[in-house]
>>> print(open('work_7.txt').read())   # compact mmCIF, C-alpha atoms
# COMPACT_ATOMS: atom_id res chain seq x y z
CA MET J 1 -78.77 258.43 -78.64
CA ALA J 2 -81.84 256.20 -78.58
CA LEU J 3 -84.50 256.96 -81.16
CA LEU J 4 -87.16 257.40 -78.47
CA SER J 5 -85.18 260.22 -76.86
CA VAL J 6 -84.66 261.94 -80.21
CA ILE J 7 -88.35 261.75 -81.10
CA ARG J 8 -89.37 263.09 -77.68
CA ARG J 9 -86.96 266.01 -77.96
CA TRP J 10 -88.14 266.89 -81.46
CA HIS J 11 -91.80 266.82 -80.42
CA TYR J 12 -91.81 268.23 -76.87
CA ARG J 13 -88.76 270.47 -76.94
CA ASP J 14 -88.50 271.56 -80.58
CA HIS J 15 -92.28 271.41 -81.25
CA LEU J 16 -92.01 269.45 -84.51
CA SER J 17 -95.24 267.94 -85.78
CA ILE J 18 -95.76 264.18 -85.94
CA ARG J 19 -95.86 264.50 -89.74
CA GLU J 20 -92.43 266.19 -89.80
CA ILE J 21 -90.91 263.63 -87.42
CA ALA J 22 -92.26 260.81 -89.57
CA LYS J 23 -90.70 262.44 -92.62
CA ARG J 24 -87.31 262.81 -90.92
CA THR J 25 -87.18 259.29 -89.48
CA GLY J 26 -88.93 257.33 -92.21
CA LEU J 27 -91.37 255.94 -89.64
CA SER J 28 -95.14 255.97 -90.06
CA ARG J 29 -97.10 258.58 -88.14
CA ASN J 30 -98.76 255.82 -86.11
CA THR J 31 -95.33 254.53 -85.09
CA VAL J 32 -94.25 258.02 -84.05
CA ARG J 33 -97.40 258.36 -81.95
CA LYS J 34 -96.63 254.99 -80.37
CA TYR J 35 -93.14 256.17 -79.41
CA LEU J 36 -94.59 259.33 -77.87
CA ARG J 37 -97.10 257.37 -75.86
CA LEU J 38 -94.39 255.09 -74.48
CA ASP J 39 -93.42 257.39 -72.23
CA THR J 40 -77.84 267.78 -83.00
CA VAL J 41 -74.51 267.63 -81.65
CA GLU J 42 -72.90 270.98 -81.36
CA PRO J 43 -71.71 272.08 -84.80
CA ARG J 44 -68.13 272.82 -85.66
CA PHE J 45 -67.69 276.25 -87.15
CA LYS J 46 -65.07 277.08 -89.69
CA VAL J 47 -63.40 280.35 -88.81
CA PRO J 48 -62.95 282.37 -92.01
CA GLU J 49 -59.78 284.22 -92.83
CA ARG J 50 -59.94 287.67 -91.31
CA PRO J 51 -57.72 290.69 -90.68
CA SER J 52 -55.78 290.57 -87.46
CA LYS J 53 -57.79 293.51 -86.09
CA LEU J 54 -60.71 291.15 -85.47
CA ASP J 55 -58.68 288.42 -83.77
CA PRO J 56 -58.87 289.84 -80.22
CA PHE J 57 -62.66 290.15 -80.53
CA VAL J 58 -63.51 286.77 -82.10
CA GLU J 59 -64.39 285.00 -78.83
CA ARG J 60 -66.76 287.76 -77.72
CA LEU J 61 -68.27 288.13 -81.22
CA THR J 62 -68.92 284.37 -81.35
CA ILE J 63 -70.64 284.48 -77.96
CA TRP J 64 -72.88 287.32 -79.16
CA LEU J 65 -73.77 285.52 -82.41
CA ARG J 66 -74.63 282.31 -80.59
CA ARG J 67 -76.85 284.25 -78.21
CA GLU J 68 -78.67 285.98 -81.08
CA MET J 69 -79.45 282.61 -82.70
CA GLY J 70 -81.46 281.66 -79.61
CA ARG J 71 -83.53 284.84 -79.49
CA PRO J 72 -86.97 285.42 -81.08
CA ARG J 73 -86.72 287.10 -84.47
CA LYS J 74 -88.06 290.45 -83.27
CA GLN J 75 -85.54 290.56 -80.43
CA LYS J 76 -82.45 289.82 -82.54
CA ARG J 77 -79.89 292.59 -82.89
CA THR J 78 -78.73 293.58 -86.36
CA ILE J 79 -75.11 293.12 -87.40
CA LYS J 80 -74.79 296.92 -87.42
CA GLN J 81 -75.73 296.93 -83.74
CA VAL J 82 -73.25 294.16 -83.01
CA TYR J 83 -70.58 296.07 -84.93
CA ALA J 84 -71.30 299.22 -82.92
CA ASP J 85 -70.86 297.24 -79.70
CA LEU J 86 -67.49 295.96 -80.92
CA VAL J 87 -66.41 299.49 -81.76
CA SER J 88 -67.33 300.59 -78.23
CA LEU J 89 -64.92 297.92 -76.97
CA GLY J 90 -62.07 299.27 -79.08
CA PHE J 91 -62.44 297.46 -82.42
CA ASP J 92 -61.32 299.76 -85.25
CA GLY J 93 -61.76 297.43 -88.22
CA SER J 94 -64.38 297.62 -90.94
CA TYR J 95 -68.07 296.79 -90.73
CA GLY J 96 -67.66 294.57 -93.80
CA ARG J 97 -65.21 292.29 -92.01
CA VAL J 98 -67.60 291.80 -89.09
CA ALA J 99 -70.55 291.20 -91.44
CA ALA J 100 -68.56 288.64 -93.45
CA PHE J 101 -67.55 286.77 -90.30
CA ALA J 102 -71.15 286.75 -89.02
CA ARG J 103 -72.50 285.60 -92.38
CA ALA J 104 -70.05 282.68 -92.62
CA TRP J 105 -70.69 281.73 -89.00
CA ARG J 106 -74.46 281.68 -89.46
CA ASP J 107 -74.24 279.73 -92.72
CA ASP J 108 -72.19 277.02 -91.02
CA TYR J 109 -74.53 277.00 -88.04
CA ARG J 110 -77.64 276.48 -90.16
CA ARG J 111 -75.97 273.85 -92.35
CA GLN J 112 -74.66 271.87 -89.38
CA GLN J 113 -78.03 272.04 -87.64
CA GLN J 114 -79.43 269.89 -90.45
CA MET J 115 -76.77 267.23 -89.98
CA SER J 116 -76.48 264.47 -87.38
CA GLY J 117 -72.83 264.60 -86.49
CA LYS J 118 -70.77 262.04 -84.61
CA GLY J 119 -68.78 262.87 -81.55
CA THR J 120 -68.75 265.67 -79.03
CA PHE J 121 -67.45 269.09 -79.94
CA VAL J 122 -67.06 271.33 -76.93
CA PRO J 123 -66.78 274.98 -78.01
CA LEU J 124 -64.97 277.70 -76.13
CA SER J 125 -68.23 279.60 -75.67
CA PHE J 126 -71.82 278.60 -75.06
CA ALA J 127 -75.23 280.18 -75.57
CA PRO J 128 -77.55 280.62 -72.55
CA GLY J 129 -79.31 277.36 -71.74
CA GLU J 130 -77.18 275.39 -74.17
CA ALA J 131 -75.26 272.95 -72.00
CA PHE J 132 -74.13 271.73 -68.61
CA GLN J 133 -71.13 269.65 -67.63
CA PHE J 134 -71.07 266.88 -65.02
CA ASP J 135 -68.40 265.07 -63.05
CA TRP J 136 -67.86 263.08 -59.85
CA SER J 137 -65.17 263.63 -57.22
CA GLU J 138 -64.19 262.05 -53.91
CA ASP J 139 -64.01 264.30 -50.85
CA TRP J 140 -64.28 264.02 -47.09
CA ALA J 141 -66.46 265.44 -44.31
CA ILE J 142 -66.87 264.75 -40.61
CA ILE J 143 -70.46 263.53 -40.20
CA ASP J 144 -71.73 262.99 -36.66
CA GLY J 145 -68.14 262.86 -35.45
CA VAL J 146 -66.95 260.31 -38.05
CA ARG J 147 -64.58 261.17 -40.90
CA THR J 148 -66.54 260.01 -43.95
CA LYS J 149 -65.50 259.50 -47.56
CA LEU J 150 -68.03 261.02 -49.98
CA GLN J 151 -68.92 260.72 -53.65
CA VAL J 152 -69.61 264.28 -54.81
CA ALA J 153 -71.67 265.18 -57.89
CA HIS J 154 -70.64 268.41 -59.66
CA PHE J 155 -72.77 270.31 -62.18
CA LYS J 156 -71.84 273.49 -64.02
CA LEU J 157 -73.89 275.55 -66.49
CA SER J 158 -71.59 276.18 -69.42
CA TYR J 159 -72.79 279.71 -70.19
CA SER J 160 -73.21 281.35 -66.79
CA ARG J 161 -70.75 279.04 -64.97
CA ALA J 162 -73.22 278.66 -62.10
CA PHE J 163 -72.37 275.43 -60.27
CA PHE J 164 -74.02 272.96 -57.94
CA VAL J 165 -72.50 270.31 -55.67
CA ARG J 166 -74.22 267.44 -53.82
CA ALA J 167 -72.64 264.67 -51.72
CA TYR J 168 -73.50 260.95 -51.46
CA LEU J 169 -72.04 257.88 -49.83
CA LEU J 170 -72.07 255.87 -53.08
CA GLN J 171 -72.04 256.34 -56.86
CA THR J 172 -75.19 254.50 -57.99
CA HIS J 173 -77.92 255.17 -60.52
CA GLU J 174 -80.23 256.31 -57.74
CA MET J 175 -77.64 258.80 -56.52
CA LEU J 176 -76.94 260.03 -60.06
CA PHE J 177 -80.64 260.57 -60.80
CA ASP J 178 -81.20 262.29 -57.46
CA ALA J 179 -78.26 264.61 -58.14
CA HIS J 180 -79.72 265.65 -61.51
CA ASN J 181 -83.11 266.33 -59.94
CA HIS J 182 -81.63 268.59 -57.25
CA ALA J 183 -79.22 270.29 -59.67
CA PHE J 184 -81.97 271.24 -62.12
CA ARG J 185 -84.11 272.47 -59.22
CA VAL J 186 -81.36 274.75 -57.88
CA LEU J 187 -80.14 275.89 -61.30
CA GLY J 188 -83.67 276.79 -62.37
CA GLY J 189 -84.24 274.37 -65.24
CA VAL J 190 -82.66 271.99 -67.73
CA PRO J 191 -80.09 272.91 -70.43
CA ARG J 192 -80.38 271.37 -73.88
CA ARG J 193 -77.21 269.26 -73.63
CA GLY J 194 -75.27 267.46 -70.91
CA ILE J 195 -71.57 266.68 -71.30
CA TYR J 196 -70.20 263.64 -69.43
CA ASP J 197 -67.18 261.39 -69.25
CA ASN J 198 -67.65 257.64 -69.74
CA MET J 199 -68.83 256.93 -66.20
CA ARG J 200 -70.10 253.44 -65.49
CA THR J 201 -73.58 254.62 -64.48
CA ALA J 202 -74.07 256.12 -67.96
CA VAL J 203 -72.01 254.03 -70.40
CA ASP J 204 -72.12 250.23 -70.46
CA LYS J 205 -69.47 249.90 -73.16
CA VAL J 206 -67.04 252.29 -74.85
CA GLY J 207 -66.53 251.35 -78.49
CA ARG J 208 -64.21 252.72 -81.14
CA GLY J 209 -64.18 256.46 -81.64
CA LYS J 210 -67.44 257.92 -80.37
CA ASP J 211 -69.36 254.64 -80.34
CA ARG J 212 -71.06 254.13 -76.96
CA THR J 213 -73.50 251.60 -75.55
CA VAL J 214 -75.48 253.88 -73.24
CA ASN J 215 -77.03 252.45 -70.11
CA ALA J 216 -80.80 251.94 -70.44
CA ARG J 217 -81.61 253.50 -67.05
CA PHE J 218 -79.49 256.54 -67.84
CA LEU J 219 -81.30 256.89 -71.20
CA THR J 220 -84.63 256.87 -69.40
CA MET J 221 -83.52 259.84 -67.30
CA VAL J 222 -82.24 261.70 -70.35
CA SER J 223 -85.52 261.09 -72.16
CA HIS J 224 -87.50 262.34 -69.16
CA TYR J 225 -85.68 265.67 -68.98
CA LEU J 226 -85.41 266.03 -72.80
CA PHE J 227 -81.74 266.99 -72.92
CA GLU J 228 -79.09 265.41 -75.14
CA ALA J 229 -76.25 263.50 -73.46
CA GLU J 230 -72.80 263.64 -75.03
CA PHE J 231 -69.70 261.75 -73.94
CA CYS J 232 -66.06 262.80 -74.02
CA ASN J 233 -63.29 260.81 -75.59
CA PRO J 234 -61.56 258.48 -73.12
CA ALA J 235 -58.84 260.31 -71.15
CA ALA J 236 -59.97 263.64 -72.61
CA GLY J 237 -61.14 265.49 -69.53
CA TRP J 238 -60.42 268.80 -71.26
CA GLU J 239 -63.64 268.28 -73.25
CA LYS J 240 -65.53 269.16 -70.05
CA GLY J 241 -62.87 271.49 -68.73
CA GLN J 242 -65.23 273.87 -66.91
CA VAL J 243 -66.48 271.27 -64.48
CA GLU J 244 -63.02 269.72 -64.13
CA LYS J 245 -61.84 273.12 -62.93
CA ASN J 246 -64.89 273.38 -60.69
CA VAL J 247 -63.87 270.12 -58.96
CA GLN J 248 -60.46 271.63 -58.21
CA ASP J 249 -61.88 274.97 -57.05
CA ALA J 250 -64.46 273.26 -54.85
CA ARG J 251 -61.72 271.62 -52.80
CA HIS J 252 -60.58 275.06 -51.67
CA ARG J 253 -64.00 276.70 -51.47
CA LEU J 254 -66.01 273.90 -49.86
CA TRP J 255 -63.84 271.10 -48.46
CA GLN J 256 -60.96 272.96 -46.81
CA PRO J 257 -61.19 272.96 -43.87
CA VAL J 258 -63.10 269.68 -43.71
CA PRO J 259 -66.81 270.41 -43.04
CA GLN J 260 -68.24 269.14 -39.74
CA VAL J 261 -71.99 268.43 -39.74
CA GLU J 262 -74.55 266.32 -37.91
CA SER J 263 -75.87 264.47 -40.98
CA LEU J 264 -75.50 264.04 -44.73
CA ALA J 265 -78.74 265.98 -45.21
CA ALA J 266 -77.32 268.89 -43.24
CA LEU J 267 -74.13 268.79 -45.32
CA ASN J 268 -76.09 268.94 -48.59
CA LEU J 269 -78.20 271.83 -47.35
CA TRP J 270 -75.01 273.71 -46.45
CA LEU J 271 -73.41 272.88 -49.83
CA GLU J 272 -76.47 274.18 -51.71
CA GLU J 273 -76.54 277.48 -49.84
CA ARG J 274 -72.76 277.87 -50.06
CA CYS J 275 -72.76 277.34 -53.84
CA LYS J 276 -75.43 280.00 -54.37
CA ALA J 277 -73.55 282.42 -52.12
CA LEU J 278 -70.32 281.85 -54.07
CA TRP J 279 -72.06 282.73 -57.36
CA GLN J 280 -72.45 286.27 -56.02
CA GLY J 281 -68.75 286.85 -55.44
CA ILE J 282 -67.09 285.08 -58.39
CA PRO J 283 -66.53 287.24 -61.50
CA HIS J 284 -67.82 285.60 -64.68
CA GLY J 285 -64.69 286.37 -66.66
CA VAL J 286 -66.29 286.90 -70.09
CA GLU J 287 -69.67 288.47 -69.36
CA LEU J 288 -69.92 291.60 -67.24
CA GLY J 289 -70.59 291.06 -63.57
CA SER J 290 -70.62 287.93 -61.45
CA VAL J 291 -71.59 284.32 -62.07
CA ALA J 292 -74.90 285.17 -60.37
CA ASP J 293 -75.51 288.00 -62.87
CA ALA J 294 -74.87 285.68 -65.83
CA TRP J 295 -77.09 283.00 -64.27
CA GLY J 296 -79.87 285.58 -63.97
CA ASP J 297 -79.59 286.11 -67.73
CA GLU J 298 -79.43 282.38 -68.48
CA VAL J 299 -82.24 280.97 -66.37
CA ALA J 300 -84.99 282.09 -68.78
CA SER J 301 -83.34 279.98 -71.53
CA LEU J 302 -83.45 276.74 -69.53
CA MET J 303 -86.14 274.12 -70.20
CA PRO J 304 -88.67 273.40 -67.44
CA MET J 305 -87.90 270.26 -65.46
CA GLY J 306 -91.48 269.04 -65.02
CA PRO J 307 -92.51 265.73 -66.67
CA ARG J 308 -94.12 265.74 -70.09
CA ALA J 309 -97.22 263.72 -70.75
CA ALA J 310 -96.96 261.79 -73.97
>>> encode(input="work_7.txt", output="structure tokens")
Amino acid sequence: MALLSVIRRWHYRDHLSIREIAKRTGLSRNTVRKYLRLDTVEPRFKVPERPSKLDPFVERLTIWLRREMGRPRKQKRTIKQVYADLVSLGFDGSYGRVAAFARAWRDDYRRQQQMSGKGTFVPLSFAPGEAFQFDWSEDWAIIDGVRTKLQVAHFKLSYSRAFFVRAYLLQTHEMLFDAHNHAFRVLGGVPRRGIYDNMRTAVDKVGRGKDRTVNARFLTMVSHYLFEAEFCNPAAGWEKGQVEKNVQDARHRLWQPVPQVESLAALNLWLEERCKALWQGIPHGVELGSVADAWGDEVASLMPMGPRAA
């Protein structure tokens, strides 16, 4: 990711001082100020050896630990409280096993946070406000009596699984940027990471491994909203599996039967309201309640979408 985007995120999102940014980058403080006036990837966690009694609870325990890392210190639950919650769900193993798992998980988290890794690691669970996934699809609607082929932008918050869909006639930079603006408006803010495939409006050239030449206009948008963009391996759609599934589900929920509307604006208004209504009735699957309930918990963890003055 471009150095300007990194510096802006550190300063405006993570509230690092100019002195600290200069220390990390090796740049002078005047140069850092110049960058600001101009306008880490997700860690891999080693799972320690553990008794089989904990295996059925590892996914939920990991979700809880990730959530605690994002909370203010005074609001964090103790491991004893987490252990008690596991026991209430049927866990009958020892407190020591849970504490050891949590300790190893946190140690890896803190160590990896200090590293600048290469590549995109997509975990099975996400903390509130951590990430969204994006994809395009092609679908059809009857607009003013004419059957029209559409380019459809799909967004999905990785924690709450709240989704947003918006239709366009073309896939251009202007359409991509407009879709992000409307998605962040409806979803209530901006997650810290965005996960994409190697679409032509974002990536000019795919190199070896994770090497990417990212489009300059796309980088400008990323820098404006202060999130980090990550790109999947070629032909590895599973790395953004949530939104891939959302594309499939949307065909049944939104596009069958084919919508009939007077205009593209009317279609997008209907899609927005339909998405929000669907959140209410779809069970989350991991968290208690619906997608809407989980979104209500997540929205406070999203970054504001307003522009930052440098």
>>> atom_distance(input="work_7.txt", atom1="CA of Leu4 in chain J", atom2="CA of His173 in chain J")
20.3 Å
>>> atom_distance(input="work_7.txt", atom1="CA of Ala102 in chain J", atom2="CA of Ile79 in chain J")
7.7 Å
>>> atom_distance(input="work_7.txt", atom1="CA of Ile143 in chain J", atom2="CA of Val258 in chain J")
10.2 Å
>>> residues_around(input="work_7.txt", residues="range 24-34 of chain J", least_positions_apart="3", cutoff="10 Å", atoms="all atoms listed in the file", output="MDAnalysis selection string")
chainID J and resid 3:4 6:8 11 17:21 37:39 310
>>> closest_residue(input="work_7.txt", among="J:Ala84, J:Leu169, J:Val203, J:Met305", to="Tyr225 in chain J", atoms="all atoms listed in the file")
J:Met305
>>> closest_residue(input="work_7.txt", among="J:Met69, J:Leu302, J:Ala104, J:Val82", to="Arg185 in chain J", atoms="all atoms listed in the file")
J:Leu302
>>> residues_around(input="work_7.txt", residues="Pro191 in chain J", least_positions_apart="2", cutoff="8 Å", atoms="all atoms listed in the file", output="number ranges by chain")
J: 129-132, 157, 189, 193-194, 227, 301-303
>>> residues_around(input="work_7.txt", residues="Ala127 in chain J", least_positions_apart="3", cutoff="8 Å", atoms="all atoms listed in the file", output="ChimeraX atom specification")
/J:63,66-67,70,130,159
>>> decode(input="work_7.txt", residues="range 155-168 of chain J", atoms="N, CA and C atoms", output="PDB file, in the first residue's frame")
ATOM      1  N   PHE J 155     -21.354  -5.341  -1.075  1.00  0.00           N
ATOM      2  CA  PHE J 155     -20.541  -5.128   0.118  1.00  0.00           C
ATOM      3  C   PHE J 155     -21.084  -6.008   1.240  1.00  0.00           C
ATOM      4  N   LYS J 156     -20.178  -6.505   2.085  1.00  0.00           N
ATOM      5  CA  LYS J 156     -20.633  -7.258   3.252  1.00  0.00           C
ATOM      6  C   LYS J 156     -19.681  -7.016   4.412  1.00  0.00           C
ATOM      7  N   LEU J 157     -20.227  -6.575   5.556  1.00  0.00           N
ATOM      8  CA  LEU J 157     -19.428  -6.435   6.774  1.00  0.00           C
ATOM      9  C   LEU J 157     -19.079  -7.820   7.288  1.00  0.00           C
ATOM     10  N   SER J 158     -17.816  -8.059   7.555  1.00  0.00           N
ATOM     11  CA  SER J 158     -17.364  -9.411   7.857  1.00  0.00           C
ATOM     12  C   SER J 158     -17.783  -9.884   9.239  1.00  0.00           C
ATOM     13  N   TYR J 159     -17.987  -8.973  10.181  1.00  0.00           N
ATOM     14  CA  TYR J 159     -18.420  -9.386  11.515  1.00  0.00           C
ATOM     15  C   TYR J 159     -19.933  -9.611  11.569  1.00  0.00           C
ATOM     16  N   SER J 160     -20.699  -8.577  11.273  1.00  0.00           N
ATOM     17  CA  SER J 160     -22.154  -8.676  11.434  1.00  0.00           C
ATOM     18  C   SER J 160     -22.834  -9.357  10.259  1.00  0.00           C
ATOM     19  N   ARG J 161     -22.146  -9.388   9.094  1.00  0.00           N
ATOM     20  CA  ARG J 161     -22.689  -9.963   7.865  1.00  0.00           C
ATOM     21  C   ARG J 161     -23.795  -9.104   7.262  1.00  0.00           C
ATOM     22  N   ALA J 162     -23.899  -7.853   7.720  1.00  0.00           N
ATOM     23  CA  ALA J 162     -24.816  -6.907   7.073  1.00  0.00           C
ATOM     24  C   ALA J 162     -24.302  -6.628   5.665  1.00  0.00           C
ATOM     25  N   PHE J 163     -25.209  -6.569   4.696  1.00  0.00           N
ATOM     26  CA  PHE J 163     -24.802  -6.446   3.299  1.00  0.00           C
ATOM     27  C   PHE J 163     -25.517  -5.292   2.628  1.00  0.00           C
ATOM     28  N   PHE J 164     -24.912  -4.836   1.526  1.00  0.00           N
ATOM     29  CA  PHE J 164     -25.455  -3.720   0.756  1.00  0.00           C
ATOM     30  C   PHE J 164     -25.220  -4.000  -0.714  1.00  0.00           C
ATOM     31  N   VAL J 165     -26.212  -3.680  -1.543  1.00  0.00           N
ATOM     32  CA  VAL J 165     -26.148  -3.940  -2.974  1.00  0.00           C
ATOM     33  C   VAL J 165     -26.565  -2.683  -3.716  1.00  0.00           C
ATOM     34  N   ARG J 166     -25.821  -2.324  -4.772  1.00  0.00           N
ATOM     35  CA  ARG J 166     -26.182  -1.151  -5.590  1.00  0.00           C
ATOM     36  C   ARG J 166     -25.876  -1.466  -7.049  1.00  0.00           C
ATOM     37  N   ALA J 167     -26.763  -1.063  -7.951  1.00  0.00           N
ATOM     38  CA  ALA J 167     -26.674  -1.430  -9.365  1.00  0.00           C
ATOM     39  C   ALA J 167     -26.228  -0.252 -10.226  1.00  0.00           C
ATOM     40  N   TYR J 168     -25.451  -0.569 -11.281  1.00  0.00           N
ATOM     41  CA  TYR J 168     -24.963   0.417 -12.242  1.00  0.00           C
ATOM     42  C   TYR J 168     -25.047  -0.167 -13.646  1.00  0.00           C
TER      43      TYR J 168
END
